[in-house]
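Note: the block below is start_4.tsv and it holds TSV, N, CA and C atoms.
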chain	number	residue	atom	x	y	z
M	3	GLY	N	29.93	196.00	42.02
M	3	GLY	CA	30.28	194.94	41.11
M	3	GLY	C	29.13	194.61	40.19
M	4	SER	N	29.37	193.73	39.25
M	4	SER	CA	28.33	193.33	38.31
M	4	SER	C	27.41	192.31	38.95
M	5	GLY	N	26.30	192.05	38.29
M	5	GLY	CA	25.33	191.11	38.81
M	5	GLY	C	25.85	189.69	38.90
M	6	SER	N	26.83	189.33	38.05
M	6	SER	CA	27.36	187.97	38.09
M	6	SER	C	28.27	187.76	39.29
M	7	GLU	N	28.68	188.85	39.94
M	7	GLU	CA	29.53	188.70	41.11
M	7	GLU	C	28.72	188.57	42.38
M	8	GLY	N	27.45	188.73	42.29
M	8	GLY	CA	26.59	188.52	43.45
M	8	GLY	C	25.66	189.68	43.69
M	9	GLY	N	24.48	189.35	43.97
M	9	GLY	CA	23.53	190.33	44.43
M	9	GLY	C	22.89	191.21	43.38
M	10	GLY	N	23.58	191.69	42.38
M	10	GLY	CA	23.13	192.77	41.50
M	10	GLY	C	21.88	192.46	40.72
M	11	GLY	N	21.53	193.35	39.82
M	11	GLY	CA	20.32	193.20	39.03
M	11	GLY	C	20.65	192.84	37.61
M	12	GLY	N	19.80	193.23	36.72
M	12	GLY	CA	20.05	193.00	35.31
M	12	GLY	C	19.79	191.58	34.85
M	13	GLY	N	19.16	190.76	35.70
M	13	GLY	CA	18.85	189.40	35.29
M	13	GLY	C	20.02	188.44	35.41
M	14	GLU	N	21.18	188.91	35.80
M	14	GLU	CA	22.33	188.02	35.95
M	14	GLU	C	22.30	187.38	37.33
M	15	ILE	N	22.88	186.19	37.42
M	15	ILE	CA	22.89	185.48	38.70
M	15	ILE	C	24.32	185.17	39.09
M	16	ASP	N	24.50	184.91	40.36
M	16	ASP	CA	25.80	184.51	40.88
M	16	ASP	C	25.96	183.01	40.63
M	17	MET	N	26.94	182.62	39.84
M	17	MET	CA	27.11	181.21	39.47
M	17	MET	C	27.40	180.34	40.69
M	18	SER	N	28.16	180.86	41.64
M	18	SER	CA	28.44	180.07	42.85
M	18	SER	C	27.16	179.78	43.61
M	19	MET	N	26.29	180.78	43.70
M	19	MET	CA	25.01	180.60	44.38
M	19	MET	C	24.14	179.59	43.62
M	20	PHE	N	24.11	179.69	42.30
M	20	PHE	CA	23.31	178.77	41.49
M	20	PHE	C	23.77	177.33	41.70
M	21	TRP	N	25.07	177.08	41.54
M	21	TRP	CA	25.56	175.71	41.67
M	21	TRP	C	25.51	175.23	43.11
M	22	GLY	N	25.63	176.14	44.07
M	22	GLY	CA	25.47	175.76	45.47
M	22	GLY	C	24.07	175.26	45.75
M	23	TRP	N	23.06	176.00	45.29
M	23	TRP	CA	21.67	175.57	45.48
M	23	TRP	C	21.38	174.29	44.69
M	24	MET	N	21.98	174.15	43.53
M	24	MET	CA	21.81	172.91	42.76
M	24	MET	C	22.35	171.73	43.57
M	25	GLY	N	23.48	171.91	44.22
M	25	GLY	CA	24.04	170.86	45.06
M	25	GLY	C	23.16	170.54	46.26
M	26	VAL	N	22.59	171.58	46.89
M	26	VAL	CA	21.70	171.36	48.04
M	26	VAL	C	20.47	170.57	47.62
M	27	VAL	N	19.88	170.92	46.48
M	27	VAL	CA	18.70	170.21	46.00
M	27	VAL	C	19.06	168.75	45.68
M	28	ASN	N	20.17	168.55	44.97
M	28	ASN	CA	20.58	167.18	44.65
M	28	ASN	C	20.86	166.37	45.90
M	29	LEU	N	21.55	166.98	46.86
M	29	LEU	CA	21.87	166.28	48.09
M	29	LEU	C	20.61	165.93	48.87
M	30	SER	N	19.66	166.86	48.95
M	30	SER	CA	18.44	166.62	49.73
M	30	SER	C	17.52	165.60	49.05
M	31	VAL	N	17.65	165.43	47.75
M	31	VAL	CA	16.82	164.44	47.05
M	31	VAL	C	17.54	163.10	46.93
M	32	MET	N	18.81	163.12	46.57
M	32	MET	CA	19.51	161.87	46.27
M	32	MET	C	19.94	161.09	47.50
M	33	VAL	N	20.30	161.75	48.60
M	33	VAL	CA	20.69	161.01	49.80
M	33	VAL	C	19.53	160.19	50.33
M	34	PRO	N	18.34	160.78	50.54
M	34	PRO	CA	17.23	159.93	50.99
M	34	PRO	C	16.86	158.82	49.99
M	35	THR	N	16.91	159.14	48.69
M	35	THR	CA	16.59	158.13	47.68
M	35	THR	C	17.58	156.97	47.75
M	36	ASN	N	18.86	157.28	47.85
M	36	ASN	CA	19.88	156.22	47.93
M	36	ASN	C	19.79	155.44	49.23
M	37	LEU	N	19.44	156.11	50.33
M	37	LEU	CA	19.28	155.38	51.59
M	37	LEU	C	18.11	154.40	51.52
M	38	VAL	N	17.01	154.82	50.91
M	38	VAL	CA	15.86	153.92	50.75
M	38	VAL	C	16.24	152.74	49.86
M	39	CYS	N	16.92	153.02	48.75
M	39	CYS	CA	17.33	151.93	47.84
M	39	CYS	C	18.30	150.99	48.53
M	40	TRP	N	19.22	151.53	49.32
M	40	TRP	CA	20.17	150.69	50.06
M	40	TRP	C	19.44	149.82	51.08
M	41	ARG	N	18.48	150.42	51.78
M	41	ARG	CA	17.73	149.70	52.80
M	41	ARG	C	16.90	148.58	52.18
M	42	LEU	N	16.40	148.81	50.96
M	42	LEU	CA	15.62	147.78	50.27
M	42	LEU	C	16.49	146.76	49.55
M	43	GLY	N	17.81	146.96	49.57
M	43	GLY	CA	18.73	146.04	48.91
M	43	GLY	C	18.84	146.23	47.41
M	44	LEU	N	18.44	147.39	46.92
M	44	LEU	CA	18.47	147.62	45.47
M	44	LEU	C	19.83	148.08	44.95
M	45	ASN	N	20.67	148.63	45.83
M	45	ASN	CA	22.01	149.03	45.39
M	45	ASN	C	23.03	148.56	46.42
M	46	ASP	N	23.62	147.43	46.13
M	46	ASP	CA	24.62	146.85	47.01
M	46	ASP	C	25.99	147.31	46.56
M	47	ILE	N	26.58	148.22	47.29
M	47	ILE	CA	27.88	148.78	46.91
M	47	ILE	C	28.96	148.44	47.93
M	48	GLN	N	28.68	147.44	48.78
M	48	GLN	CA	29.60	147.07	49.85
M	48	GLN	C	30.93	146.53	49.31
M	49	GLY	N	30.89	145.80	48.21
M	49	GLY	CA	32.08	145.12	47.72
M	49	GLY	C	32.92	145.92	46.73
M	50	LEU	N	32.60	147.18	46.49
M	50	LEU	CA	33.35	147.95	45.51
M	50	LEU	C	34.72	148.33	46.07
M	51	PRO	N	35.78	148.15	45.29
M	51	PRO	CA	37.12	148.52	45.76
M	51	PRO	C	37.28	150.04	45.88
M	52	LEU	N	38.20	150.45	46.71
M	52	LEU	CA	38.46	151.87	46.96
M	52	LEU	C	38.89	152.60	45.69
M	53	GLU	N	39.63	151.92	44.82
M	53	GLU	CA	40.06	152.55	43.57
M	53	GLU	C	38.86	152.93	42.70
M	54	LEU	N	37.84	152.07	42.70
M	54	LEU	CA	36.64	152.36	41.92
M	54	LEU	C	35.89	153.56	42.48
M	55	TRP	N	35.83	153.68	43.79
M	55	TRP	CA	35.22	154.86	44.41
M	55	TRP	C	35.98	156.12	44.00
M	56	GLY	N	37.31	156.06	44.05
M	56	GLY	CA	38.12	157.22	43.68
M	56	GLY	C	37.92	157.61	42.22
M	57	MET	N	37.85	156.63	41.34
M	57	MET	CA	37.62	156.92	39.93
M	57	MET	C	36.23	157.51	39.70
M	58	ALA	N	35.23	157.02	40.43
M	58	ALA	CA	33.88	157.56	40.28
M	58	ALA	C	33.81	159.01	40.75
M	59	VAL	N	34.48	159.32	41.86
M	59	VAL	CA	34.50	160.70	42.35
M	59	VAL	C	35.26	161.59	41.39
M	60	LEU	N	36.40	161.14	40.89
M	60	LEU	CA	37.18	161.92	39.94
M	60	LEU	C	36.40	162.16	38.65
M	61	LYS	N	35.73	161.14	38.16
M	61	LYS	CA	34.92	161.30	36.96
M	61	LYS	C	33.79	162.29	37.19
M	62	GLY	N	33.16	162.21	38.33
M	62	GLY	CA	32.09	163.16	38.66
M	62	GLY	C	32.59	164.59	38.72
M	63	LEU	N	33.75	164.78	39.31
M	63	LEU	CA	34.30	166.13	39.41
M	63	LEU	C	34.72	166.68	38.06
M	64	MET	N	35.40	165.87	37.28
M	64	MET	CA	35.94	166.36	36.00
M	64	MET	C	34.88	166.39	34.90
M	65	ASP	N	34.09	165.34	34.81
M	65	ASP	CA	33.15	165.22	33.70
M	65	ASP	C	31.89	166.04	33.93
M	66	ASN	N	31.37	166.02	35.12
M	66	ASN	CA	30.11	166.69	35.38
M	66	ASN	C	30.30	168.10	35.93
M	67	LEU	N	31.01	168.22	37.03
M	67	LEU	CA	31.15	169.52	37.69
M	67	LEU	C	31.90	170.52	36.82
M	68	LEU	N	33.07	170.15	36.34
M	68	LEU	CA	33.88	171.09	35.57
M	68	LEU	C	33.22	171.45	34.25
M	69	SER	N	32.65	170.47	33.56
M	69	SER	CA	32.03	170.78	32.27
M	69	SER	C	30.78	171.64	32.45
M	70	ASN	N	29.98	171.38	33.45
M	70	ASN	CA	28.80	172.21	33.69
M	70	ASN	C	29.17	173.61	34.11
M	71	LEU	N	30.20	173.74	34.92
M	71	LEU	CA	30.62	175.06	35.37
M	71	LEU	C	31.16	175.90	34.20
M	72	THR	N	32.00	175.30	33.37
M	72	THR	CA	32.52	176.05	32.22
M	72	THR	C	31.42	176.36	31.21
M	73	TRP	N	30.47	175.44	31.03
M	73	TRP	CA	29.35	175.71	30.13
M	73	TRP	C	28.51	176.87	30.65
M	74	SER	N	28.24	176.90	31.96
M	74	SER	CA	27.40	177.97	32.50
M	74	SER	C	28.08	179.32	32.38
M	75	TYR	N	29.39	179.37	32.57
M	75	TYR	CA	30.09	180.65	32.36
M	75	TYR	C	30.08	181.04	30.89
M	76	ALA	N	30.18	180.06	30.00
M	76	ALA	CA	30.11	180.36	28.57
M	76	ALA	C	28.75	180.94	28.21
M	77	VAL	N	27.69	180.41	28.80
M	77	VAL	CA	26.35	180.95	28.55
M	77	VAL	C	26.28	182.39	29.01
M	78	LEU	N	26.88	182.70	30.16
M	78	LEU	CA	26.86	184.09	30.64
M	78	LEU	C	27.67	185.02	29.76
M	79	TYR	N	28.83	184.55	29.29
M	79	TYR	CA	29.74	185.44	28.55
M	79	TYR	C	29.41	185.57	27.06
M	80	ILE	N	29.01	184.48	26.40
M	80	ILE	CA	28.79	184.58	24.96
M	80	ILE	C	27.35	184.31	24.55
M	81	GLY	N	26.50	183.95	25.50
M	81	GLY	CA	25.10	183.72	25.21
M	81	GLY	C	24.79	182.25	25.03
M	82	PRO	N	23.52	181.89	25.24
M	82	PRO	CA	23.16	180.47	25.20
M	82	PRO	C	23.30	179.82	23.83
M	83	THR	N	22.97	180.55	22.78
M	83	THR	CA	23.05	179.95	21.45
M	83	THR	C	24.48	179.63	21.06
M	84	SER	N	25.36	180.62	21.20
M	84	SER	CA	26.76	180.40	20.85
M	84	SER	C	27.40	179.34	21.74
M	85	ALA	N	27.06	179.33	23.01
M	85	ALA	CA	27.66	178.34	23.92
M	85	ALA	C	27.23	176.92	23.54
M	86	ASN	N	25.96	176.73	23.24
M	86	ASN	CA	25.49	175.38	22.90
M	86	ASN	C	25.96	174.93	21.53
M	87	VAL	N	25.98	175.83	20.57
M	87	VAL	CA	26.50	175.46	19.25
M	87	VAL	C	28.00	175.22	19.35
M	88	GLY	N	28.67	176.02	20.17
M	88	GLY	CA	30.11	175.82	20.37
M	88	GLY	C	30.43	174.45	20.94
M	89	MET	N	29.55	173.92	21.77
M	89	MET	CA	29.76	172.58	22.32
M	89	MET	C	29.72	171.52	21.23
M	90	SER	N	28.97	171.79	20.18
M	90	SER	CA	28.87	170.79	19.11
M	90	SER	C	30.14	170.73	18.26
M	91	ILE	N	31.06	171.64	18.48
M	91	ILE	CA	32.34	171.60	17.76
M	91	ILE	C	33.16	170.38	18.17
M	92	GLN	N	32.77	169.73	19.25
M	92	GLN	CA	33.47	168.52	19.67
M	92	GLN	C	33.44	167.46	18.58
M	93	THR	N	32.33	167.38	17.85
M	93	THR	CA	32.21	166.35	16.80
M	93	THR	C	33.25	166.52	15.71
M	94	PRO	N	33.40	167.72	15.11
M	94	PRO	CA	34.46	167.86	14.11
M	94	PRO	C	35.86	167.69	14.69
M	95	MET	N	36.04	168.07	15.96
M	95	MET	CA	37.36	167.91	16.57
M	95	MET	C	37.71	166.43	16.72
M	96	VAL	N	36.73	165.61	17.09
M	96	VAL	CA	36.97	164.17	17.21
M	96	VAL	C	37.32	163.58	15.85
M	97	LEU	N	36.60	164.00	14.82
M	97	LEU	CA	36.90	163.51	13.47
M	97	LEU	C	38.31	163.91	13.04
M	98	LEU	N	38.71	165.13	13.37
M	98	LEU	CA	40.05	165.59	13.03
M	98	LEU	C	41.12	164.78	13.76
M	99	VAL	N	40.90	164.52	15.03
M	99	VAL	CA	41.86	163.71	15.80
M	99	VAL	C	41.92	162.29	15.23
M	100	ASP	N	40.78	161.73	14.87
M	100	ASP	CA	40.77	160.40	14.26
M	100	ASP	C	41.55	160.39	12.95
M	101	LEU	N	41.36	161.41	12.13
M	101	LEU	CA	42.10	161.49	10.86
M	101	LEU	C	43.60	161.60	11.10
M	102	CYS	N	44.00	162.44	12.05
M	102	CYS	CA	45.43	162.63	12.31
M	102	CYS	C	46.08	161.41	12.95
M	103	SER	N	45.32	160.67	13.75
M	103	SER	CA	45.90	159.51	14.43
M	103	SER	C	45.77	158.22	13.64
M	104	GLY	N	45.08	158.28	12.51
M	104	GLY	CA	44.93	157.10	11.67
M	104	GLY	C	43.85	156.14	12.15
M	105	HIS	N	42.94	156.60	12.98
M	105	HIS	CA	41.88	155.75	13.50
M	105	HIS	C	40.52	156.09	12.90
M	106	ALA	N	40.51	156.65	11.72
M	106	ALA	CA	39.25	157.06	11.08
M	106	ALA	C	38.65	155.88	10.34
M	107	SER	N	38.08	154.93	11.10
M	107	SER	CA	37.51	153.72	10.49
M	107	SER	C	36.27	154.04	9.66
M	108	TYR	N	35.64	155.17	9.89
M	108	TYR	CA	34.45	155.53	9.12
M	108	TYR	C	34.78	155.85	7.67
M	109	LEU	N	36.05	156.12	7.36
M	109	LEU	CA	36.43	156.37	5.97
M	109	LEU	C	36.42	155.08	5.15
M	110	THR	N	36.78	153.96	5.77
M	110	THR	CA	36.81	152.69	5.05
M	110	THR	C	35.41	152.09	4.90
M	111	THR	N	34.51	152.46	5.76
M	111	THR	CA	33.14	151.92	5.67
M	111	THR	C	32.26	152.76	4.77
M	112	GLY	N	32.78	153.84	4.24
M	112	GLY	CA	32.02	154.67	3.31
M	112	GLY	C	31.01	155.58	3.98
M	113	ALA	N	31.21	155.88	5.25
M	113	ALA	CA	30.27	156.74	5.97
M	113	ALA	C	30.65	158.19	5.78
M	114	ALA	N	30.32	158.73	4.62
M	114	ALA	CA	30.61	160.13	4.34
M	114	ALA	C	29.71	161.06	5.13
M	115	SER	N	28.66	160.52	5.70
M	115	SER	CA	27.75	161.36	6.48
M	115	SER	C	28.44	161.97	7.70
M	116	ALA	N	29.44	161.27	8.26
M	116	ALA	CA	30.17	161.82	9.40
M	116	ALA	C	30.94	163.07	9.00
M	117	LEU	N	31.61	163.01	7.87
M	117	LEU	CA	32.35	164.19	7.39
M	117	LEU	C	31.41	165.31	6.97
M	118	THR	N	30.29	164.96	6.34
M	118	THR	CA	29.31	165.97	5.94
M	118	THR	C	28.72	166.64	7.18
M	119	GLY	N	28.41	165.87	8.19
M	119	GLY	CA	27.88	166.43	9.44
M	119	GLY	C	28.87	167.34	10.13
M	120	ALA	N	30.14	166.93	10.15
M	120	ALA	CA	31.17	167.75	10.77
M	120	ALA	C	31.34	169.07	10.02
M	121	ALA	N	31.31	169.00	8.71
M	121	ALA	CA	31.41	170.24	7.92
M	121	ALA	C	30.21	171.14	8.16
M	122	ALA	N	29.02	170.56	8.25
M	122	ALA	CA	27.81	171.36	8.50
M	122	ALA	C	27.88	172.04	9.87
M	123	ILE	N	28.41	171.34	10.87
M	123	ILE	CA	28.54	171.94	12.20
M	123	ILE	C	29.50	173.11	12.15
M	124	MET	N	30.64	172.95	11.48
M	124	MET	CA	31.62	174.03	11.41
M	124	MET	C	31.07	175.23	10.66
M	125	VAL	N	30.38	175.01	9.55
M	125	VAL	CA	29.80	176.10	8.78
M	125	VAL	C	28.74	176.82	9.62
M	126	GLY	N	27.90	176.07	10.31
M	126	GLY	CA	26.88	176.67	11.16
M	126	GLY	C	27.48	177.51	12.27
M	127	PHE	N	28.55	177.01	12.89
M	127	PHE	CA	29.20	177.76	13.96
M	127	PHE	C	29.83	179.03	13.42
M	128	LEU	N	30.47	178.94	12.27
M	128	LEU	CA	31.08	180.14	11.68
M	128	LEU	C	30.03	181.16	11.29
M	129	LEU	N	28.92	180.72	10.70
M	129	LEU	CA	27.86	181.64	10.32
M	129	LEU	C	27.20	182.27	11.55
M	130	LEU	N	27.09	181.53	12.63
M	130	LEU	CA	26.49	182.06	13.84
M	130	LEU	C	27.33	183.17	14.43
M	131	ASN	N	28.63	183.07	14.28
M	131	ASN	CA	29.52	184.04	14.91
M	131	ASN	C	29.92	185.19	14.00
M	132	LEU	N	29.29	185.30	12.83
M	132	LEU	CA	29.59	186.43	11.96
M	132	LEU	C	28.94	187.69	12.44
Whole structure given in structure tokens:
Amino acid sequence: GSGSEGGGGGGEIDMSMFWGWMGVVNLSVMVPTNLVCWRLGLNDIQGLPLELWGMAVLKGLMDNLLSNLTWSYAVLYIGPTSANVGMSIQTPMVLLVDLCSGHASYLTTGAASALTGAAAIMVGFLLLNL
């Protein structure tokens, strides 16, 4: 198999192994830190409702885990420059959604810099992928 599937050479790494070790490091650092803070009374989370815990876990899984995992695969497949510039396409997409939904308040305030920035991002991304 290829290096991204595990073990191989060529400078590629196994993404599952990378994120697994990242989790081990975070767990070994953050659990003791949070226990010390809890013991000192710096983070009182006793009164939080169960729904809030569920939303925090869901947000962590969807916002952090899923986005980092897809970004890391994008870096492997298309390269770091294209992957990071591709992430900046979110800005023009948000402006487009605002325009289509009628919530583009920046048009009434005269902030043409938002549209200029979005156009610059799109041109840069297109030029990068030529």
- Two-atom distance - CA of Met124 in chain M, CA of Val87 in chain M (Å): 9.5 Å
- Item | chain M: residues DSSP assigns to alpha helix (DSSP H), reported as a PyMOL selection string | chain M and resi 17-41+52-61+69-80+82-89+92-103+114-130
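In this structure, atom C of Gly126 in chain M sits 10.4 Å away from atom N of Met89 in chain M.
The shortest atom-to-atom distance to Thr72 in chain M, with only C-alpha atoms taken into account, belongs to M:Met17 out of M:Met17, M:Leu117, M:Leu129, M:Met32.
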- Between CA of Arg41 in chain M and atom N of Met24 in chain M, distance in Å (one decimal): 26.5 Å
Padding 4 Å on each side, edges along x, y and z: where is the centre of the box around the listed atoms of range 59-70 of chain M, and how long are its edges in Å to one decimal? Output it as JSON.
{"center_x": 33.0, "center_y": 166.5, "center_z": 37.3, "size_x": 16.4, "size_y": 22.3, "size_z": 18.1}
- Item | Nearest residue to Leu68 in chain M from the set M:Leu54, M:Trp21, M:Gly49, M:Gly43 (distances using only C-alpha atoms) |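 Closest to Leu68 in chain M, using only C-alpha atoms: M:Trp21.
Checking M:Leu130, M:Met19, M:Val27, M:Ile47 one by one against Pro82 in chain M, counting only C-alpha atoms, you find the shortest gap at M:Leu130.
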